[in-house]
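To keep things clear, I will list the structure first and then write my remarks on it.
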Amino acid sequence: MKRELAKDVFWVGKIDWELKMIHGSEYSTDRGTSYNSYLVRGDKTALIDTVWGRFDAEFVDNLEAEFGLSSIDLVVANHGETDHSGALPELLRRRPGLPVYCTSNAAKILKGHYHEDWNFRIVKTGDSVDLGKGRRLVFVEAPMLHWPDSMFTYLEGAAILFPNDAFGQHYASEHLFNDLVDQGELWQECAKYYANILTPFSPLVAKKIDEVLAMKLPVEIIAPSHGVIWRKDPLQIVKRYAAWAADWQEDRVAVIYDTMWDGTRRLAEAMARGVAEASPSTTVVVHNVAKSDKNDVITEVFRSRAFLLGSPTVNRGILNPVAGLLEEMRGLKFKGKKAAAFGCYGWSGESNALISARLAEGGFELVDEGFKSPWEPDAAALEAAAEYGRAFARKLGPWKGEARAV
Ligand code: FEO
């Protein structure tokens, strides 16, 4: 159902309460999500983005009931990914010929997805559409934030930025605005979203923020395509993105592992104790990556200044959840983080070298050769693991940054 966020600017999207995974099974959405679509009225009426195709009929029926499809003069497709473009085929089936404003890359992506040659109007940064009544849509290309086609749309006359995926969260709420929701939940979802989706594009995030701020546009509202709308201090999320894009770290160390018969778990816990003893100010977190939510573990890596990653040796290799995490982290291109490997072994003991090699390939700075321990650790081995944790913390040195959290 429509909700007015400013005069003649309406949220017309879909709240998806039941979604537990998005991008297939790549990203957990414990708090659901929303697909935000907006309708802007001047003399002309523009629809900005749509919803996932699963909800296409419901979405178009609502538009018909609340505004009349014939009142829509144009569509803006800020991004071609199917969670925002999925209702375009149904809308354009019922309103054939409606102009679709998008980047040239978005037109290619939309053709690739839907195999339709719609009435595309290709736009570049600075192009605009006058809606009348003092309102103008101005387009700003944002390539690789997070796809090649991504674009921001700015509404002159109401000072609203529609940045699509940027500044969003997978967070279902009947409260439409940032000031109405639980702030702890909101920031947890924002950080998870940035860590798991935007980290590889941090240099581009920083550049785009500088570019948009240099335009000195007034911004009253930032209306992303997922989650709540930033109306209270909207630039707070922009400033937070700028900080996150600058290779974010906190005084935090993560100890991450998988284990077969608890030996590597016991090493992990002893090491965590050692880090905490040597650096009492540091927040130490411990995760079994096979049992914790993978996206939460990645968020911990994003937040940490350093981490320890452990697996026992099995079949001269490492356990699958640790291998999967290493592959995911390689793609995310974290920068400026230190790491080391650890694990139990029986007879061959390759896991440390394998993990260390993959960590180096992922751009992490290896603190040392890591720690390994044969068979089931006894009291002496656990003390050696704790001492390794103390030494690891000492090698990191005292935290020189500010006390902060996402
Ligand atoms: Fe929310 Fe890139 O789609």
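By order of appearance in the structure tokens: chains A, B, ..., then residues from 1 within every chain, and ligands from 1 in the order shown.
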Using only C-alpha atoms and all ligand atoms, determine which residues fall within 12 Å of ligand 1, then list them as a PyMOL selection string. chain A and resi 22-23+27+33-37+49-52+77-86+106+109+143-151+163-170+193+197-198+224-227
Which neighbours of range 320-333 of chain A fall inside 12 Å, counting only C-alpha atoms, when residues of the same chain fewer than 6 positions from it are skipped, and could you give them as a PyMOL selection string? chain A and resi 26-27+194-203+245+247+256-260+287-302+308-314+339+341-343+351-352+354-364
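The residue that comes closest to Glu18 in chain A, out of A:Ile318, A:Arg94, A:Leu69, A:Ala172 and on the basis of only C-alpha atoms, is A:Ala172.
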Apply DSSP to the backbone of this structure and, from range 91-339 of chain A, keep only the residues in alpha helix (DSSP H); write these as a ChimeraX atom specification. /A:91-94,104-114,183-193,202-214,235-245,263-278,294-303,320-332
Using the selection just defined, write its residues with C-alpha atoms as a PDB file, in the first residue's frame.
ATOM      1  CA  LEU A  91       3.970  -3.361 -15.833  1.00  0.00           C
ATOM      2  CA  LEU A  92       5.061  -2.949 -19.460  1.00  0.00           C
ATOM      3  CA  ARG A  93       2.720  -5.719 -20.577  1.00  0.00           C
ATOM      4  CA  ARG A  94      -0.105  -3.626 -19.153  1.00  0.00           C
ATOM      5  CA  SER A 104      23.092   1.840 -21.392  1.00  0.00           C
ATOM      6  CA  ASN A 105      24.407  -1.012 -19.252  1.00  0.00           C
ATOM      7  CA  ALA A 106      21.006  -1.335 -17.575  1.00  0.00           C
ATOM      8  CA  ALA A 107      19.301  -1.592 -20.969  1.00  0.00           C
ATOM      9  CA  LYS A 108      21.674  -4.450 -21.876  1.00  0.00           C
ATOM     10  CA  ILE A 109      21.025  -6.176 -18.555  1.00  0.00           C
ATOM     11  CA  LEU A 110      17.251  -5.766 -18.792  1.00  0.00           C
ATOM     12  CA  LYS A 111      17.319  -7.183 -22.342  1.00  0.00           C
ATOM     13  CA  GLY A 112      19.464 -10.052 -21.041  1.00  0.00           C
ATOM     14  CA  HIS A 113      17.009 -10.790 -18.265  1.00  0.00           C
ATOM     15  CA  TYR A 114      13.673 -10.327 -19.969  1.00  0.00           C
ATOM     16  CA  GLN A 183      18.846   1.630  16.064  1.00  0.00           C
ATOM     17  CA  GLY A 184      20.884  -1.433  17.078  1.00  0.00           C
ATOM     18  CA  GLU A 185      19.043  -3.609  14.563  1.00  0.00           C
ATOM     19  CA  LEU A 186      19.299  -0.958  11.872  1.00  0.00           C
ATOM     20  CA  TRP A 187      23.059  -0.481  12.165  1.00  0.00           C
ATOM     21  CA  GLN A 188      23.667  -4.219  12.442  1.00  0.00           C
ATOM     22  CA  GLU A 189      21.858  -4.717   9.125  1.00  0.00           C
ATOM     23  CA  CYS A 190      23.606  -1.741   7.493  1.00  0.00           C
ATOM     24  CA  ALA A 191      27.034  -3.068   8.449  1.00  0.00           C
ATOM     25  CA  LYS A 192      26.217  -6.609   7.313  1.00  0.00           C
ATOM     26  CA  TYR A 193      24.979  -5.231   3.985  1.00  0.00           C
ATOM     27  CA  SER A 202      35.081   0.487  -1.359  1.00  0.00           C
ATOM     28  CA  PRO A 203      37.411   2.613  -3.550  1.00  0.00           C
ATOM     29  CA  LEU A 204      34.460   3.387  -5.827  1.00  0.00           C
ATOM     30  CA  VAL A 205      32.206   4.099  -2.840  1.00  0.00           C
ATOM     31  CA  ALA A 206      34.671   6.682  -1.541  1.00  0.00           C
ATOM     32  CA  LYS A 207      34.999   8.293  -4.989  1.00  0.00           C
ATOM     33  CA  LYS A 208      31.261   8.427  -5.598  1.00  0.00           C
ATOM     34  CA  ILE A 209      30.583   9.947  -2.176  1.00  0.00           C
ATOM     35  CA  ASP A 210      33.167  12.672  -2.890  1.00  0.00           C
ATOM     36  CA  GLU A 211      31.579  13.282  -6.295  1.00  0.00           C
ATOM     37  CA  VAL A 212      28.044  13.533  -4.935  1.00  0.00           C
ATOM     38  CA  LEU A 213      29.076  15.735  -1.981  1.00  0.00           C
ATOM     39  CA  ALA A 214      30.955  18.030  -4.398  1.00  0.00           C
ATOM     40  CA  LEU A 235      23.795  12.119   5.618  1.00  0.00           C
ATOM     41  CA  GLN A 236      24.697   9.982   8.646  1.00  0.00           C
ATOM     42  CA  ILE A 237      24.641   6.883   6.442  1.00  0.00           C
ATOM     43  CA  VAL A 238      26.764   8.630   3.806  1.00  0.00           C
ATOM     44  CA  LYS A 239      29.360   9.541   6.445  1.00  0.00           C
ATOM     45  CA  ARG A 240      29.275   5.989   7.779  1.00  0.00           C
ATOM     46  CA  TYR A 241      29.827   4.590   4.286  1.00  0.00           C
ATOM     47  CA  ALA A 242      32.796   6.949   3.863  1.00  0.00           C
ATOM     48  CA  ALA A 243      34.288   5.567   7.087  1.00  0.00           C
ATOM     49  CA  TRP A 244      33.549   1.949   6.154  1.00  0.00           C
ATOM     50  CA  ALA A 245      35.056   2.486   2.690  1.00  0.00           C
ATOM     51  CA  GLY A 263      40.612 -30.150  19.116  1.00  0.00           C
ATOM     52  CA  THR A 264      40.681 -27.082  16.860  1.00  0.00           C
ATOM     53  CA  ARG A 265      37.773 -25.605  18.830  1.00  0.00           C
ATOM     54  CA  ARG A 266      39.762 -25.912  22.034  1.00  0.00           C
ATOM     55  CA  LEU A 267      42.768 -24.267  20.388  1.00  0.00           C
ATOM     56  CA  ALA A 268      40.475 -21.439  19.197  1.00  0.00           C
ATOM     57  CA  GLU A 269      39.111 -20.840  22.674  1.00  0.00           C
ATOM     58  CA  ALA A 270      42.593 -20.908  24.233  1.00  0.00           C
ATOM     59  CA  MET A 271      43.871 -18.437  21.641  1.00  0.00           C
ATOM     60  CA  ALA A 272      40.899 -16.124  22.231  1.00  0.00           C
ATOM     61  CA  ARG A 273      41.723 -16.177  25.953  1.00  0.00           C
ATOM     62  CA  GLY A 274      45.352 -15.371  25.160  1.00  0.00           C
ATOM     63  CA  VAL A 275      44.453 -12.395  22.934  1.00  0.00           C
ATOM     64  CA  ALA A 276      42.099 -11.043  25.618  1.00  0.00           C
ATOM     65  CA  GLU A 277      44.751 -11.426  28.332  1.00  0.00           C
ATOM     66  CA  ALA A 278      47.409  -9.614  26.322  1.00  0.00           C
ATOM     67  CA  LYS A 294      28.379 -17.110   7.189  1.00  0.00           C
ATOM     68  CA  ASN A 295      27.401 -13.483   6.522  1.00  0.00           C
ATOM     69  CA  ASP A 296      27.717 -12.655  10.228  1.00  0.00           C
ATOM     70  CA  VAL A 297      31.207 -14.185  10.233  1.00  0.00           C
ATOM     71  CA  ILE A 298      32.147 -12.024   7.245  1.00  0.00           C
ATOM     72  CA  THR A 299      30.794  -8.983   9.080  1.00  0.00           C
ATOM     73  CA  GLU A 300      33.097  -9.891  11.985  1.00  0.00           C
ATOM     74  CA  VAL A 301      36.071  -9.993   9.600  1.00  0.00           C
ATOM     75  CA  PHE A 302      34.969  -6.602   8.234  1.00  0.00           C
ATOM     76  CA  ARG A 303      34.920  -5.144  11.745  1.00  0.00           C
ATOM     77  CA  ASN A 320      34.822 -27.237   3.577  1.00  0.00           C
ATOM     78  CA  PRO A 321      33.290 -24.337   5.598  1.00  0.00           C
ATOM     79  CA  VAL A 322      36.757 -22.820   6.101  1.00  0.00           C
ATOM     80  CA  ALA A 323      37.552 -23.263   2.392  1.00  0.00           C
ATOM     81  CA  GLY A 324      34.227 -21.621   1.501  1.00  0.00           C
ATOM     82  CA  LEU A 325      34.920 -18.676   3.791  1.00  0.00           C
ATOM     83  CA  LEU A 326      38.378 -18.205   2.276  1.00  0.00           C
ATOM     84  CA  GLU A 327      36.867 -18.141  -1.214  1.00  0.00           C
ATOM     85  CA  GLU A 328      34.233 -15.623  -0.165  1.00  0.00           C
ATOM     86  CA  MET A 329      36.826 -13.381   1.511  1.00  0.00           C
ATOM     87  CA  ARG A 330      39.070 -13.507  -1.562  1.00  0.00           C
ATOM     88  CA  GLY A 331      36.270 -11.972  -3.615  1.00  0.00           C
ATOM     89  CA  LEU A 332      35.479  -9.324  -1.018  1.00  0.00           C
TER      90      LEU A 332
END
Write down as an MDAnalysis selection string the residues belonging to range 161-268 of chain A that are assigned strand (DSSP E) by DSSP computed on the backbone. chainID A and resid 161:164 221:224 252:257
Selection near range 119-127 of chain A, 6 Å with only C-alpha atoms, sequence-local residues under 4 positions removed, as a compact mmCIF listing (two decimals) with N, CA, C and O atoms, in the first residue's frame:
# COMPACT_ATOMS: atom_id res chain seq x y z
N GLY A 97 5.00 0.42 -24.21
CA GLY A 97 5.54 1.66 -24.76
C GLY A 97 5.96 2.68 -23.72
O GLY A 97 6.54 3.72 -24.05
N PRO A 99 8.10 4.82 -21.45
CA PRO A 99 9.55 5.02 -21.51
C PRO A 99 10.25 4.50 -20.24
O PRO A 99 9.76 4.70 -19.13
N VAL A 100 11.38 3.84 -20.44
CA VAL A 100 12.18 3.32 -19.32
C VAL A 100 13.53 4.04 -19.34
O VAL A 100 14.35 3.82 -20.24
N TYR A 101 13.75 4.93 -18.36
CA TYR A 101 15.01 5.68 -18.27
C TYR A 101 16.02 4.85 -17.49
O TYR A 101 15.75 4.42 -16.37
N CYS A 102 17.17 4.63 -18.12
CA CYS A 102 18.21 3.81 -17.47
C CYS A 102 19.53 4.03 -18.17
O CYS A 102 19.59 4.66 -19.22
N THR A 103 20.60 3.50 -17.59
CA THR A 103 21.91 3.60 -18.24
C THR A 103 21.98 2.60 -19.40
O THR A 103 21.15 1.69 -19.50
N SER A 104 22.98 2.78 -20.25
CA SER A 104 23.09 1.84 -21.39
C SER A 104 23.38 0.43 -20.88
O SER A 104 22.86 -0.55 -21.43
N VAL A 138 17.20 14.09 -11.78
CA VAL A 138 18.56 14.22 -12.31
C VAL A 138 19.27 12.88 -12.09
O VAL A 138 19.19 12.32 -10.99
N PHE A 139 19.94 12.38 -13.11
CA PHE A 139 20.55 11.05 -13.04
C PHE A 139 22.06 11.15 -12.79
O PHE A 139 22.73 12.02 -13.33
N VAL A 140 22.55 10.24 -11.97
CA VAL A 140 23.99 10.17 -11.65
C VAL A 140 24.41 8.71 -11.80
O VAL A 140 23.96 7.85 -11.03
N GLU A 141 25.24 8.42 -12.81
CA GLU A 141 25.70 7.04 -12.97
C GLU A 141 26.56 6.63 -11.76
O GLU A 141 27.32 7.44 -11.25
Show which residues sit within 10 Å of Arg316 in chain A, as a list of chain:residue names. Count only C-alpha atoms, and ignore same-chain residues fewer than 5 positions away. A:Tyr345, A:Trp347, A:Ser348, A:Gly349, A:Glu350, A:Ser351, A:Leu354
When you look at Glu58 in chain A with a cut-off of 10 Å (counting only C-alpha atoms), what residues show up, excluding the ones that are within fewer than 5 positions of it in the same chain? I need them as a PyMOL selection string. chain A and resi 14+51+53+63-64+87
Write the selection just made, keeping all heavy atoms, as a PDB file, in the first residue's frame?
ATOM      1  N   LYS A  14       7.272  -3.260  -1.724  1.00  0.00           N
ATOM      2  CA  LYS A  14       6.778  -4.494  -1.118  1.00  0.00           C
ATOM      3  C   LYS A  14       7.678  -4.857   0.064  1.00  0.00           C
ATOM      4  O   LYS A  14       8.907  -4.928  -0.079  1.00  0.00           O
ATOM      5  CB  LYS A  14       6.818  -5.624  -2.159  1.00  0.00           C
ATOM      6  CG  LYS A  14       6.546  -7.004  -1.591  1.00  0.00           C
ATOM      7  CD  LYS A  14       5.088  -7.162  -1.193  1.00  0.00           C
ATOM      8  CE  LYS A  14       4.865  -8.512  -0.503  1.00  0.00           C
ATOM      9  NZ  LYS A  14       3.480  -8.630  -0.006  1.00  0.00           N
ATOM     10  N   VAL A  51       9.718  -4.022  -8.066  1.00  0.00           N
ATOM     11  CA  VAL A  51       9.946  -5.015  -7.005  1.00  0.00           C
ATOM     12  C   VAL A  51      10.352  -6.343  -7.642  1.00  0.00           C
ATOM     13  O   VAL A  51      10.328  -6.493  -8.861  1.00  0.00           O
ATOM     14  CB  VAL A  51       8.675  -5.202  -6.140  1.00  0.00           C
ATOM     15  CG1 VAL A  51       8.261  -3.884  -5.503  1.00  0.00           C
ATOM     16  CG2 VAL A  51       7.527  -5.779  -6.949  1.00  0.00           C
ATOM     17  N   GLY A  53      10.177  -9.981  -9.107  1.00  0.00           N
ATOM     18  CA  GLY A  53       9.152 -10.525  -9.982  1.00  0.00           C
ATOM     19  C   GLY A  53       8.134 -11.422  -9.288  1.00  0.00           C
ATOM     20  O   GLY A  53       6.994 -11.549  -9.750  1.00  0.00           O
ATOM     21  N   LEU A  63      -0.594  -0.431  -7.923  1.00  0.00           N
ATOM     22  CA  LEU A  63      -0.419   0.827  -8.657  1.00  0.00           C
ATOM     23  C   LEU A  63      -1.703   1.199  -9.389  1.00  0.00           C
ATOM     24  O   LEU A  63      -2.120   2.363  -9.398  1.00  0.00           O
ATOM     25  CB  LEU A  63       0.725   0.698  -9.676  1.00  0.00           C
ATOM     26  CG  LEU A  63       2.153   0.671  -9.127  1.00  0.00           C
ATOM     27  CD1 LEU A  63       3.141   0.438 -10.268  1.00  0.00           C
ATOM     28  CD2 LEU A  63       2.490   1.976  -8.407  1.00  0.00           C
ATOM     29  N   GLU A  64      -2.306   0.198  -9.991  1.00  0.00           N
ATOM     30  CA  GLU A  64      -3.559   0.437 -10.726  1.00  0.00           C
ATOM     31  C   GLU A  64      -4.637   0.944  -9.776  1.00  0.00           C
ATOM     32  O   GLU A  64      -5.337   1.925 -10.058  1.00  0.00           O
ATOM     33  CB  GLU A  64      -3.993  -0.875 -11.401  1.00  0.00           C
ATOM     34  CG  GLU A  64      -5.358  -0.839 -12.079  1.00  0.00           C
ATOM     35  CD  GLU A  64      -5.362  -0.016 -13.370  1.00  0.00           C
ATOM     36  OE1 GLU A  64      -5.197   1.215 -13.275  1.00  0.00           O
ATOM     37  OE2 GLU A  64      -5.552  -0.602 -14.444  1.00  0.00           O
ATOM     38  N   ALA A  87       9.288  -6.553 -11.728  1.00  0.00           N
ATOM     39  CA  ALA A  87       7.889  -6.284 -12.089  1.00  0.00           C
ATOM     40  C   ALA A  87       7.774  -5.477 -13.375  1.00  0.00           C
ATOM     41  O   ALA A  87       6.662  -5.167 -13.809  1.00  0.00           O
ATOM     42  CB  ALA A  87       7.180  -5.554 -10.947  1.00  0.00           C
TER      43      ALA A  87
END
Determine the nearest neighbour of Leu74 in chain A from the options A:Thr283, A:Asn62, A:Asn178, A:Thr45, counting only C-alpha atoms. A:Thr45
